[in-house]
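Listing of run_21.cif; format and content: mmCIF, N, CA and C atoms and all ligand atoms.
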data_coords
loop_
_atom_site.label_atom_id
_atom_site.label_comp_id
_atom_site.auth_asym_id
_atom_site.auth_seq_id
_atom_site.Cartn_x
_atom_site.Cartn_y
_atom_site.Cartn_z
N MET A 240 8.40 -16.88 0.12
CA MET A 240 7.55 -15.96 0.90
C MET A 240 8.04 -14.53 0.74
N PRO A 241 7.24 -13.68 0.13
CA PRO A 241 7.70 -12.30 -0.02
C PRO A 241 7.74 -11.58 1.33
N LYS A 242 8.67 -10.67 1.43
CA LYS A 242 8.74 -9.82 2.62
C LYS A 242 8.26 -8.43 2.22
N VAL A 243 7.73 -7.74 3.19
CA VAL A 243 7.30 -6.36 2.94
C VAL A 243 7.97 -5.48 3.98
N VAL A 244 8.48 -4.35 3.53
CA VAL A 244 9.04 -3.39 4.46
C VAL A 244 8.10 -2.19 4.55
N PHE A 245 7.56 -1.98 5.73
CA PHE A 245 6.71 -0.81 5.95
C PHE A 245 7.55 0.30 6.57
N VAL A 246 7.40 1.49 6.03
CA VAL A 246 8.08 2.64 6.63
C VAL A 246 7.01 3.48 7.31
N ASN A 247 7.11 3.58 8.62
CA ASN A 247 6.12 4.33 9.38
C ASN A 247 6.31 5.83 9.19
N PRO A 248 5.25 6.61 9.52
CA PRO A 248 5.38 8.06 9.35
C PRO A 248 6.57 8.65 10.10
N ASP A 249 6.99 8.03 11.18
CA ASP A 249 8.14 8.57 11.92
C ASP A 249 9.48 8.10 11.34
N GLY A 250 9.43 7.37 10.24
CA GLY A 250 10.67 6.97 9.57
C GLY A 250 11.18 5.60 9.99
N SER A 251 10.59 5.02 11.02
CA SER A 251 11.05 3.70 11.43
C SER A 251 10.55 2.65 10.43
N GLU A 252 11.33 1.60 10.27
CA GLU A 252 10.97 0.57 9.29
C GLU A 252 10.63 -0.73 9.98
N LYS A 253 9.69 -1.44 9.42
CA LYS A 253 9.35 -2.75 9.97
C LYS A 253 9.28 -3.73 8.81
N GLU A 254 10.12 -4.76 8.88
CA GLU A 254 10.09 -5.78 7.84
C GLU A 254 9.27 -6.96 8.33
N VAL A 255 8.32 -7.36 7.52
CA VAL A 255 7.46 -8.46 7.94
C VAL A 255 7.38 -9.53 6.85
N GLU A 256 7.06 -10.73 7.28
CA GLU A 256 6.86 -11.84 6.35
C GLU A 256 5.45 -11.75 5.81
N ALA A 257 5.30 -11.98 4.53
CA ALA A 257 3.96 -11.99 3.96
C ALA A 257 3.75 -13.31 3.25
N ALA A 258 2.70 -13.41 2.49
CA ALA A 258 2.48 -14.62 1.70
C ALA A 258 1.94 -14.19 0.35
N ASN A 259 2.25 -14.96 -0.66
CA ASN A 259 1.74 -14.66 -2.00
C ASN A 259 0.22 -14.62 -1.96
N GLY A 260 -0.34 -13.67 -2.70
CA GLY A 260 -1.79 -13.58 -2.79
C GLY A 260 -2.41 -12.65 -1.77
N LEU A 261 -1.62 -12.25 -0.78
CA LEU A 261 -2.15 -11.30 0.21
C LEU A 261 -1.94 -9.88 -0.32
N SER A 262 -2.83 -8.98 0.08
CA SER A 262 -2.63 -7.58 -0.29
C SER A 262 -1.77 -6.91 0.77
N ILE A 263 -1.21 -5.77 0.38
CA ILE A 263 -0.44 -4.98 1.34
C ILE A 263 -1.31 -4.63 2.55
N LEU A 264 -2.57 -4.36 2.28
CA LEU A 264 -3.48 -4.02 3.38
C LEU A 264 -3.61 -5.19 4.36
N GLU A 265 -3.80 -6.39 3.83
CA GLU A 265 -3.95 -7.55 4.71
C GLU A 265 -2.67 -7.79 5.52
N VAL A 266 -1.55 -7.63 4.86
CA VAL A 266 -0.27 -7.82 5.56
C VAL A 266 -0.12 -6.78 6.66
N ALA A 267 -0.52 -5.56 6.36
CA ALA A 267 -0.42 -4.49 7.36
C ALA A 267 -1.27 -4.85 8.58
N HIS A 268 -2.48 -5.30 8.33
CA HIS A 268 -3.37 -5.62 9.45
C HIS A 268 -2.85 -6.77 10.29
N LYS A 269 -2.28 -7.75 9.64
CA LYS A 269 -1.73 -8.89 10.39
C LYS A 269 -0.56 -8.48 11.27
N ASN A 270 0.07 -7.38 10.93
CA ASN A 270 1.29 -7.00 11.63
C ASN A 270 1.17 -5.69 12.42
N ASP A 271 -0.04 -5.32 12.73
CA ASP A 271 -0.28 -4.11 13.51
C ASP A 271 0.33 -2.85 12.92
N ILE A 272 0.29 -2.75 11.60
CA ILE A 272 0.73 -1.52 10.97
C ILE A 272 -0.49 -0.60 10.87
N GLU A 273 -0.28 0.65 11.12
CA GLU A 273 -1.40 1.60 11.14
C GLU A 273 -1.88 1.97 9.75
N LEU A 274 -2.63 1.09 9.17
CA LEU A 274 -3.19 1.37 7.86
C LEU A 274 -4.67 1.02 8.00
N GLU A 275 -5.53 1.97 7.69
CA GLU A 275 -6.91 1.76 8.07
C GLU A 275 -7.65 0.75 7.17
N GLY A 276 -7.82 1.09 5.91
CA GLY A 276 -8.53 0.15 5.04
C GLY A 276 -9.98 -0.01 5.41
N ALA A 277 -10.69 1.10 5.50
CA ALA A 277 -12.06 1.10 6.01
C ALA A 277 -13.02 0.22 5.21
N CYS A 278 -12.81 0.09 3.93
CA CYS A 278 -13.78 -0.68 3.14
C CYS A 278 -13.31 -2.11 2.89
N GLU A 279 -12.24 -2.52 3.56
CA GLU A 279 -11.76 -3.90 3.45
C GLU A 279 -11.44 -4.32 2.02
N GLY A 280 -10.96 -3.39 1.24
CA GLY A 280 -10.49 -3.78 -0.09
C GLY A 280 -11.50 -3.71 -1.20
N SER A 281 -12.64 -3.07 -0.97
CA SER A 281 -13.62 -3.01 -2.06
C SER A 281 -13.54 -1.71 -2.85
N MET A 282 -12.45 -1.01 -2.70
CA MET A 282 -12.19 0.23 -3.45
C MET A 282 -13.28 1.27 -3.26
N ALA A 283 -13.75 1.38 -2.05
CA ALA A 283 -14.77 2.38 -1.75
C ALA A 283 -14.26 3.40 -0.74
N CYS A 284 -12.97 3.38 -0.49
CA CYS A 284 -12.41 4.39 0.41
C CYS A 284 -11.00 4.67 -0.10
N SER A 285 -10.28 5.49 0.59
CA SER A 285 -8.88 5.64 0.17
C SER A 285 -7.99 5.57 1.40
N THR A 286 -8.51 4.97 2.45
CA THR A 286 -7.76 4.94 3.71
C THR A 286 -6.66 3.88 3.73
N CYS A 287 -6.57 3.10 2.68
CA CYS A 287 -5.49 2.11 2.63
C CYS A 287 -4.34 2.64 1.77
N HIS A 288 -4.40 3.94 1.49
CA HIS A 288 -3.37 4.61 0.68
C HIS A 288 -1.96 4.39 1.24
N VAL A 289 -1.07 3.93 0.38
CA VAL A 289 0.34 3.83 0.75
C VAL A 289 1.17 4.50 -0.34
N ILE A 290 2.36 4.91 0.03
CA ILE A 290 3.26 5.50 -0.95
C ILE A 290 4.36 4.48 -1.21
N VAL A 291 4.37 3.98 -2.43
CA VAL A 291 5.31 2.92 -2.77
C VAL A 291 6.68 3.54 -3.00
N ASP A 292 7.70 2.87 -2.51
CA ASP A 292 9.05 3.35 -2.70
C ASP A 292 9.34 3.45 -4.21
N ASP A 293 10.00 4.52 -4.62
CA ASP A 293 10.28 4.76 -6.06
C ASP A 293 10.77 3.51 -6.78
N GLU A 294 11.74 2.85 -6.14
CA GLU A 294 12.36 1.68 -6.73
C GLU A 294 11.38 0.56 -7.08
N TRP A 295 10.30 0.53 -6.33
CA TRP A 295 9.35 -0.57 -6.48
C TRP A 295 8.14 -0.23 -7.31
N PHE A 296 7.91 1.05 -7.48
CA PHE A 296 6.68 1.49 -8.11
C PHE A 296 6.49 0.87 -9.50
N ASP A 297 7.57 0.85 -10.28
CA ASP A 297 7.47 0.33 -11.64
C ASP A 297 7.26 -1.17 -11.72
N GLU A 298 7.51 -1.85 -10.63
CA GLU A 298 7.31 -3.31 -10.63
C GLU A 298 5.83 -3.68 -10.54
N LEU A 299 5.02 -2.73 -10.16
CA LEU A 299 3.61 -3.03 -9.95
C LEU A 299 2.81 -2.92 -11.24
N ASP A 300 1.71 -3.67 -11.30
CA ASP A 300 0.81 -3.52 -12.43
C ASP A 300 0.21 -2.12 -12.38
N GLU A 301 -0.18 -1.64 -13.53
CA GLU A 301 -0.81 -0.33 -13.60
C GLU A 301 -2.09 -0.33 -12.76
N PRO A 302 -2.38 0.76 -12.10
CA PRO A 302 -3.65 0.82 -11.36
C PRO A 302 -4.84 0.87 -12.32
N THR A 303 -5.94 0.32 -11.89
CA THR A 303 -7.16 0.41 -12.70
C THR A 303 -7.73 1.82 -12.59
N GLU A 304 -8.68 2.11 -13.45
CA GLU A 304 -9.29 3.43 -13.40
C GLU A 304 -9.98 3.68 -12.06
N GLU A 305 -10.63 2.63 -11.55
CA GLU A 305 -11.31 2.77 -10.26
C GLU A 305 -10.31 3.13 -9.17
N GLU A 306 -9.16 2.47 -9.23
CA GLU A 306 -8.15 2.77 -8.21
C GLU A 306 -7.68 4.21 -8.35
N GLU A 307 -7.43 4.63 -9.58
CA GLU A 307 -6.99 6.02 -9.82
C GLU A 307 -8.01 7.01 -9.25
N ASP A 308 -9.29 6.70 -9.49
CA ASP A 308 -10.33 7.61 -9.01
C ASP A 308 -10.33 7.72 -7.49
N MET A 309 -10.17 6.58 -6.82
CA MET A 309 -10.13 6.60 -5.36
C MET A 309 -8.88 7.32 -4.88
N LEU A 310 -7.79 7.07 -5.56
CA LEU A 310 -6.53 7.68 -5.15
C LEU A 310 -6.60 9.20 -5.22
N ASP A 311 -7.34 9.69 -6.22
CA ASP A 311 -7.47 11.14 -6.34
C ASP A 311 -8.03 11.77 -5.07
N LEU A 312 -8.75 10.95 -4.31
CA LEU A 312 -9.36 11.47 -3.09
C LEU A 312 -8.47 11.26 -1.87
N ALA A 313 -7.39 10.56 -2.05
CA ALA A 313 -6.53 10.25 -0.91
C ALA A 313 -5.83 11.50 -0.42
N PHE A 314 -5.68 11.57 0.87
CA PHE A 314 -4.99 12.69 1.49
C PHE A 314 -3.49 12.53 1.31
N GLY A 315 -2.83 13.58 0.89
CA GLY A 315 -1.38 13.52 0.76
C GLY A 315 -0.91 12.67 -0.41
N LEU A 316 -1.65 12.73 -1.50
CA LEU A 316 -1.32 11.92 -2.68
C LEU A 316 0.08 12.24 -3.21
N GLN A 317 0.80 11.19 -3.59
CA GLN A 317 2.14 11.36 -4.15
C GLN A 317 2.19 10.65 -5.49
N GLU A 318 3.28 10.89 -6.21
CA GLU A 318 3.37 10.26 -7.53
C GLU A 318 3.36 8.74 -7.48
N THR A 319 3.86 8.19 -6.43
CA THR A 319 3.92 6.73 -6.34
C THR A 319 2.86 6.18 -5.38
N SER A 320 1.80 6.92 -5.18
CA SER A 320 0.73 6.46 -4.30
C SER A 320 -0.04 5.31 -4.93
N ARG A 321 -0.44 4.37 -4.12
CA ARG A 321 -1.31 3.28 -4.56
C ARG A 321 -2.25 2.94 -3.41
N LEU A 322 -3.28 2.18 -3.74
CA LEU A 322 -4.15 1.68 -2.68
C LEU A 322 -3.55 0.36 -2.18
N GLY A 323 -3.36 0.29 -0.88
CA GLY A 323 -2.72 -0.91 -0.31
C GLY A 323 -3.50 -2.18 -0.57
N CYS A 324 -4.81 -2.06 -0.68
CA CYS A 324 -5.62 -3.27 -0.89
C CYS A 324 -5.53 -3.77 -2.32
N GLN A 325 -4.95 -2.97 -3.21
CA GLN A 325 -4.87 -3.38 -4.61
C GLN A 325 -3.49 -3.89 -5.00
N ILE A 326 -2.56 -3.86 -4.07
CA ILE A 326 -1.24 -4.41 -4.36
C ILE A 326 -1.22 -5.84 -3.81
N ILE A 327 -1.20 -6.78 -4.72
CA ILE A 327 -1.23 -8.19 -4.30
C ILE A 327 0.19 -8.74 -4.42
N LEU A 328 0.63 -9.36 -3.35
CA LEU A 328 2.02 -9.80 -3.31
C LEU A 328 2.28 -11.06 -4.12
N ASN A 329 3.47 -11.11 -4.68
CA ASN A 329 3.95 -12.33 -5.31
C ASN A 329 5.47 -12.33 -5.14
N ASP A 330 6.10 -13.39 -5.61
CA ASP A 330 7.55 -13.51 -5.37
C ASP A 330 8.33 -12.34 -5.96
N GLU A 331 7.83 -11.80 -7.07
CA GLU A 331 8.56 -10.69 -7.68
C GLU A 331 8.58 -9.44 -6.81
N LEU A 332 7.64 -9.36 -5.91
CA LEU A 332 7.56 -8.18 -5.06
C LEU A 332 8.25 -8.40 -3.72
N ASP A 333 9.03 -9.46 -3.63
CA ASP A 333 9.74 -9.75 -2.39
C ASP A 333 10.63 -8.58 -2.01
N GLY A 334 10.38 -8.03 -0.82
CA GLY A 334 11.20 -6.91 -0.35
C GLY A 334 10.61 -5.55 -0.63
N ILE A 335 9.41 -5.53 -1.19
CA ILE A 335 8.78 -4.24 -1.55
C ILE A 335 8.69 -3.33 -0.32
N LYS A 336 8.97 -2.06 -0.59
CA LYS A 336 8.96 -1.09 0.50
C LYS A 336 7.83 -0.10 0.27
N VAL A 337 6.99 0.07 1.26
CA VAL A 337 5.90 1.03 1.15
C VAL A 337 5.89 1.95 2.38
N HIS A 338 5.57 3.19 2.11
CA HIS A 338 5.51 4.18 3.18
C HIS A 338 4.07 4.37 3.63
N VAL A 339 3.88 4.35 4.93
CA VAL A 339 2.56 4.57 5.49
C VAL A 339 2.39 6.09 5.65
N PRO A 340 1.35 6.66 5.02
CA PRO A 340 1.21 8.11 5.13
C PRO A 340 0.87 8.54 6.55
N ALA A 341 1.21 9.78 6.87
CA ALA A 341 1.00 10.26 8.23
C ALA A 341 -0.47 10.38 8.57
N GLU A 342 -1.28 10.78 7.61
CA GLU A 342 -2.69 10.98 7.92
C GLU A 342 -3.53 10.43 6.79
N THR A 343 -4.70 9.98 7.13
CA THR A 343 -5.63 9.59 6.08
C THR A 343 -6.92 10.34 6.32
N ARG A 344 -7.71 10.40 5.31
CA ARG A 344 -8.99 11.06 5.45
C ARG A 344 -10.02 10.10 4.90
N ASN A 345 -10.94 9.73 5.69
CA ASN A 345 -11.94 8.77 5.23
C ASN A 345 -13.10 9.52 4.61
N ILE A 346 -13.24 9.34 3.31
CA ILE A 346 -14.33 10.03 2.65
C ILE A 346 -15.51 9.08 2.51
N GLY A 347 -15.44 7.95 3.13
CA GLY A 347 -16.60 7.10 3.22
C GLY A 347 -16.57 5.97 2.25
FE1 LIG B 1 -10.81 0.79 0.90
FE2 LIG B 1 -8.49 -0.13 -0.09
S1 LIG B 1 -9.44 -0.62 1.77
S2 LIG B 1 -9.91 1.18 -1.00
#
Show how you would write the structure in this file as structure tokens.
Amino acid sequence: MPKVVFVNPDGSEKEVEAANGLSILEVAHKNDIELEGACEGSMACSTCHVIVDDEWFDELDEPTEEEEDMLDLAFGLQETSRLGCQIILNDELDGIKVHVPAETRNIG
């Protein structure tokens, strides 16, 4: 069972149990993490934007073009930004750390 560490905007960390096949967004919702995900993972918003910890960023598959396009619209974009709904957990990602951005902007 992979674990996910969420870093809240105030710097506090929360480690939660996840399951293979779940997205970061789904795990966040199950654990009351403040991540919006307005479009429920259909890549039509950027409110599930998370900033992946540097150490973990390279472990992830490359984002698709659609994801890149949505990310361009995300508020507070960083070099290691990804859409939380597009990161699907597996054993290799056990312990992945993601930062929840302070603000999101829903562009619809
Ligand atoms: Fe909308 Fe991820 S939930 S793009």
* Close residues, A:Asn259 itself excluded, 7 Å, all atoms listed in the file, min 5 positions apart in chain, as a PyMOL selection string -> chain A and resi 240-241+327-330
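From atom CA of A:Asp249 back to atom C of A:Cys324, the distance works out to 23.3 Å.
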* Test item: residues lying within 7 Å of ligand LIG 1 (chain B) with only N, CA and C atoms and all ligand atoms, as a PyMOL selection string -> chain A and resi 275-288+309+322-325
Written selection (N, CA and C atoms) as a PDB file, keeping the file's coordinate frame:
ATOM      1  N   GLU A 275      -5.530   1.970   7.690  1.00  0.00           N
ATOM      2  CA  GLU A 275      -6.910   1.760   8.070  1.00  0.00           C
ATOM      3  C   GLU A 275      -7.650   0.750   7.170  1.00  0.00           C
ATOM      4  N   GLY A 276      -7.820   1.090   5.910  1.00  0.00           N
ATOM      5  CA  GLY A 276      -8.530   0.150   5.040  1.00  0.00           C
ATOM      6  C   GLY A 276      -9.980  -0.010   5.410  1.00  0.00           C
ATOM      7  N   ALA A 277     -10.690   1.100   5.500  1.00  0.00           N
ATOM      8  CA  ALA A 277     -12.060   1.100   6.010  1.00  0.00           C
ATOM      9  C   ALA A 277     -13.020   0.220   5.210  1.00  0.00           C
ATOM     10  N   CYS A 278     -12.810   0.090   3.930  1.00  0.00           N
ATOM     11  CA  CYS A 278     -13.780  -0.680   3.140  1.00  0.00           C
ATOM     12  C   CYS A 278     -13.310  -2.110   2.890  1.00  0.00           C
ATOM     13  N   GLU A 279     -12.240  -2.520   3.560  1.00  0.00           N
ATOM     14  CA  GLU A 279     -11.760  -3.900   3.450  1.00  0.00           C
ATOM     15  C   GLU A 279     -11.440  -4.320   2.020  1.00  0.00           C
ATOM     16  N   GLY A 280     -10.960  -3.390   1.240  1.00  0.00           N
ATOM     17  CA  GLY A 280     -10.490  -3.780  -0.090  1.00  0.00           C
ATOM     18  C   GLY A 280     -11.500  -3.710  -1.200  1.00  0.00           C
ATOM     19  N   SER A 281     -12.640  -3.070  -0.970  1.00  0.00           N
ATOM     20  CA  SER A 281     -13.620  -3.010  -2.060  1.00  0.00           C
ATOM     21  C   SER A 281     -13.540  -1.710  -2.850  1.00  0.00           C
ATOM     22  N   MET A 282     -12.450  -1.010  -2.700  1.00  0.00           N
ATOM     23  CA  MET A 282     -12.190   0.230  -3.450  1.00  0.00           C
ATOM     24  C   MET A 282     -13.280   1.270  -3.260  1.00  0.00           C
ATOM     25  N   ALA A 283     -13.750   1.380  -2.050  1.00  0.00           N
ATOM     26  CA  ALA A 283     -14.770   2.380  -1.750  1.00  0.00           C
ATOM     27  C   ALA A 283     -14.260   3.400  -0.740  1.00  0.00           C
ATOM     28  N   CYS A 284     -12.970   3.380  -0.490  1.00  0.00           N
ATOM     29  CA  CYS A 284     -12.410   4.390   0.410  1.00  0.00           C
ATOM     30  C   CYS A 284     -11.000   4.670  -0.100  1.00  0.00           C
ATOM     31  N   SER A 285     -10.280   5.490   0.590  1.00  0.00           N
ATOM     32  CA  SER A 285      -8.880   5.640   0.170  1.00  0.00           C
ATOM     33  C   SER A 285      -7.990   5.570   1.400  1.00  0.00           C
ATOM     34  N   THR A 286      -8.510   4.970   2.450  1.00  0.00           N
ATOM     35  CA  THR A 286      -7.760   4.940   3.710  1.00  0.00           C
ATOM     36  C   THR A 286      -6.660   3.880   3.730  1.00  0.00           C
ATOM     37  N   CYS A 287      -6.570   3.100   2.680  1.00  0.00           N
ATOM     38  CA  CYS A 287      -5.490   2.110   2.630  1.00  0.00           C
ATOM     39  C   CYS A 287      -4.340   2.640   1.770  1.00  0.00           C
ATOM     40  N   HIS A 288      -4.400   3.940   1.490  1.00  0.00           N
ATOM     41  CA  HIS A 288      -3.370   4.610   0.680  1.00  0.00           C
ATOM     42  C   HIS A 288      -1.960   4.390   1.240  1.00  0.00           C
ATOM     43  N   MET A 309     -10.170   6.580  -6.820  1.00  0.00           N
ATOM     44  CA  MET A 309     -10.130   6.600  -5.360  1.00  0.00           C
ATOM     45  C   MET A 309      -8.880   7.320  -4.880  1.00  0.00           C
ATOM     46  N   LEU A 322      -3.280   2.180  -3.740  1.00  0.00           N
ATOM     47  CA  LEU A 322      -4.150   1.680  -2.680  1.00  0.00           C
ATOM     48  C   LEU A 322      -3.550   0.360  -2.180  1.00  0.00           C
ATOM     49  N   GLY A 323      -3.360   0.290  -0.880  1.00  0.00           N
ATOM     50  CA  GLY A 323      -2.720  -0.910  -0.310  1.00  0.00           C
ATOM     51  C   GLY A 323      -3.500  -2.180  -0.570  1.00  0.00           C
ATOM     52  N   CYS A 324      -4.810  -2.060  -0.680  1.00  0.00           N
ATOM     53  CA  CYS A 324      -5.620  -3.270  -0.890  1.00  0.00           C
ATOM     54  C   CYS A 324      -5.530  -3.770  -2.320  1.00  0.00           C
ATOM     55  N   GLN A 325      -4.950  -2.970  -3.210  1.00  0.00           N
ATOM     56  CA  GLN A 325      -4.870  -3.380  -4.610  1.00  0.00           C
ATOM     57  C   GLN A 325      -3.490  -3.890  -5.000  1.00  0.00           C
TER      58      GLN A 325
END
Just list the residues in stretch 249-343 of chain A DSSP gives helix (DSSP H, G or I) on the backbone, as a PDB file with N, CA and C atoms, keeping the file's coordinate frame.
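Once everything was written out, this is selection_13.pdb:
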ATOM      1  N   ILE A 263      -1.210  -5.770   0.380  1.00  0.00           N
ATOM      2  CA  ILE A 263      -0.440  -4.980   1.340  1.00  0.00           C
ATOM      3  C   ILE A 263      -1.310  -4.630   2.550  1.00  0.00           C
ATOM      4  N   LEU A 264      -2.570  -4.360   2.280  1.00  0.00           N
ATOM      5  CA  LEU A 264      -3.480  -4.020   3.380  1.00  0.00           C
ATOM      6  C   LEU A 264      -3.610  -5.190   4.360  1.00  0.00           C
ATOM      7  N   GLU A 265      -3.800  -6.390   3.830  1.00  0.00           N
ATOM      8  CA  GLU A 265      -3.950  -7.550   4.710  1.00  0.00           C
ATOM      9  C   GLU A 265      -2.670  -7.790   5.520  1.00  0.00           C
ATOM     10  N   VAL A 266      -1.550  -7.630   4.860  1.00  0.00           N
ATOM     11  CA  VAL A 266      -0.270  -7.820   5.560  1.00  0.00           C
ATOM     12  C   VAL A 266      -0.120  -6.780   6.660  1.00  0.00           C
ATOM     13  N   ALA A 267      -0.520  -5.560   6.360  1.00  0.00           N
ATOM     14  CA  ALA A 267      -0.420  -4.490   7.360  1.00  0.00           C
ATOM     15  C   ALA A 267      -1.270  -4.850   8.580  1.00  0.00           C
ATOM     16  N   HIS A 268      -2.480  -5.300   8.330  1.00  0.00           N
ATOM     17  CA  HIS A 268      -3.370  -5.620   9.450  1.00  0.00           C
ATOM     18  C   HIS A 268      -2.850  -6.770  10.290  1.00  0.00           C
ATOM     19  N   LYS A 269      -2.280  -7.750   9.640  1.00  0.00           N
ATOM     20  CA  LYS A 269      -1.730  -8.890  10.390  1.00  0.00           C
ATOM     21  C   LYS A 269      -0.560  -8.480  11.270  1.00  0.00           C
ATOM     22  N   ASP A 293      10.000   4.520  -4.620  1.00  0.00           N
ATOM     23  CA  ASP A 293      10.280   4.760  -6.060  1.00  0.00           C
ATOM     24  C   ASP A 293      10.770   3.510  -6.780  1.00  0.00           C
ATOM     25  N   GLU A 294      11.740   2.850  -6.140  1.00  0.00           N
ATOM     26  CA  GLU A 294      12.360   1.680  -6.730  1.00  0.00           C
ATOM     27  C   GLU A 294      11.380   0.560  -7.080  1.00  0.00           C
ATOM     28  N   TRP A 295      10.300   0.530  -6.330  1.00  0.00           N
ATOM     29  CA  TRP A 295       9.350  -0.570  -6.480  1.00  0.00           C
ATOM     30  C   TRP A 295       8.140  -0.230  -7.310  1.00  0.00           C
ATOM     31  N   PHE A 296       7.910   1.050  -7.480  1.00  0.00           N
ATOM     32  CA  PHE A 296       6.680   1.490  -8.110  1.00  0.00           C
ATOM     33  C   PHE A 296       6.490   0.870  -9.500  1.00  0.00           C
ATOM     34  N   GLU A 304      -8.680   2.110 -13.450  1.00  0.00           N
ATOM     35  CA  GLU A 304      -9.290   3.430 -13.400  1.00  0.00           C
ATOM     36  C   GLU A 304      -9.980   3.680 -12.060  1.00  0.00           C
ATOM     37  N   GLU A 305     -10.630   2.630 -11.550  1.00  0.00           N
ATOM     38  CA  GLU A 305     -11.310   2.770 -10.260  1.00  0.00           C
ATOM     39  C   GLU A 305     -10.310   3.130  -9.170  1.00  0.00           C
ATOM     40  N   GLU A 306      -9.160   2.470  -9.230  1.00  0.00           N
ATOM     41  CA  GLU A 306      -8.150   2.770  -8.210  1.00  0.00           C
ATOM     42  C   GLU A 306      -7.680   4.210  -8.350  1.00  0.00           C
ATOM     43  N   GLU A 307      -7.430   4.630  -9.580  1.00  0.00           N
ATOM     44  CA  GLU A 307      -6.990   6.020  -9.820  1.00  0.00           C
ATOM     45  C   GLU A 307      -8.010   7.010  -9.250  1.00  0.00           C
ATOM     46  N   ASP A 308      -9.290   6.700  -9.490  1.00  0.00           N
ATOM     47  CA  ASP A 308     -10.330   7.610  -9.010  1.00  0.00           C
ATOM     48  C   ASP A 308     -10.330   7.720  -7.490  1.00  0.00           C
ATOM     49  N   MET A 309     -10.170   6.580  -6.820  1.00  0.00           N
ATOM     50  CA  MET A 309     -10.130   6.600  -5.360  1.00  0.00           C
ATOM     51  C   MET A 309      -8.880   7.320  -4.880  1.00  0.00           C
ATOM     52  N   LEU A 310      -7.790   7.070  -5.560  1.00  0.00           N
ATOM     53  CA  LEU A 310      -6.530   7.680  -5.150  1.00  0.00           C
ATOM     54  C   LEU A 310      -6.600   9.200  -5.220  1.00  0.00           C
ATOM     55  N   GLY A 323      -3.360   0.290  -0.880  1.00  0.00           N
ATOM     56  CA  GLY A 323      -2.720  -0.910  -0.310  1.00  0.00           C
ATOM     57  C   GLY A 323      -3.500  -2.180  -0.570  1.00  0.00           C
ATOM     58  N   CYS A 324      -4.810  -2.060  -0.680  1.00  0.00           N
ATOM     59  CA  CYS A 324      -5.620  -3.270  -0.890  1.00  0.00           C
ATOM     60  C   CYS A 324      -5.530  -3.770  -2.320  1.00  0.00           C
ATOM     61  N   GLN A 325      -4.950  -2.970  -3.210  1.00  0.00           N
ATOM     62  CA  GLN A 325      -4.870  -3.380  -4.610  1.00  0.00           C
ATOM     63  C   GLN A 325      -3.490  -3.890  -5.000  1.00  0.00           C
ATOM     64  N   ASP A 330       6.100 -13.390  -5.610  1.00  0.00           N
ATOM     65  CA  ASP A 330       7.550 -13.510  -5.370  1.00  0.00           C
ATOM     66  C   ASP A 330       8.330 -12.340  -5.960  1.00  0.00           C
ATOM     67  N   GLU A 331       7.830 -11.800  -7.070  1.00  0.00           N
ATOM     68  CA  GLU A 331       8.560 -10.690  -7.680  1.00  0.00           C
ATOM     69  C   GLU A 331       8.580  -9.440  -6.810  1.00  0.00           C
ATOM     70  N   LEU A 332       7.640  -9.360  -5.910  1.00  0.00           N
ATOM     71  CA  LEU A 332       7.560  -8.180  -5.060  1.00  0.00           C
ATOM     72  C   LEU A 332       8.250  -8.400  -3.720  1.00  0.00           C
TER      73      LEU A 332
END
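Using all atoms listed in the file, the contacts of A:Ile263 at a cut-off of 5 Å, with sequence neighbours closer than 2 positions omitted, comprise Leu261, Glu265, Val266, Ala267, Gly323 and Ile326 of chain A.
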* To do: Name the closest residue to A:Pro248 among the candidates A:Asp297, A:Gly334, A:Pro340, A:Glu306; distances are taken between atoms, counting only N, CA and C atoms.
  =>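 That would be A:Pro340, the residue with the smallest distance to A:Pro248.
Closest to A:Leu264 among A:Leu299, A:Leu332, A:Leu312, A:Val339 is A:Val339, based on only C-alpha atoms.
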* Pairwise distance for atom C of A:Asp271 and atom N of A:Glu254, rounded to one decimal in Å ->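 These atoms are spaced 10.8 Å apart.
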* Asked: What is the atom C of A:Lys269 to atom N of A:Val246 distance in Å?
  ->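 If I compute the distance from atom C of A:Lys269 to atom N of A:Val246, I get 13.8 Å.
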Given 3 Å on each side, where is the centre and what are the edge lengths in Å to one decimal of the axis-aligned box enclosing the listed atoms of stretch 240-247 of chain A, as lines of an AutoDock Vina configuration file?
center_x = 7.6
center_y = -5.5
center_z = 4.7
size_x = 8.9
size_y = 28.7
size_z = 15.4
* All strand (DSSP E) positions in stretch 263-318 of chain A, as a PyMOL selection string -> chain A and resi 288-291
* **Nearest to A:Glu331 by atom-to-atom distance, counting all atoms listed in the file, from A:Asp308, A:Glu256, A:Val291, A:Glu298** => A:Glu298
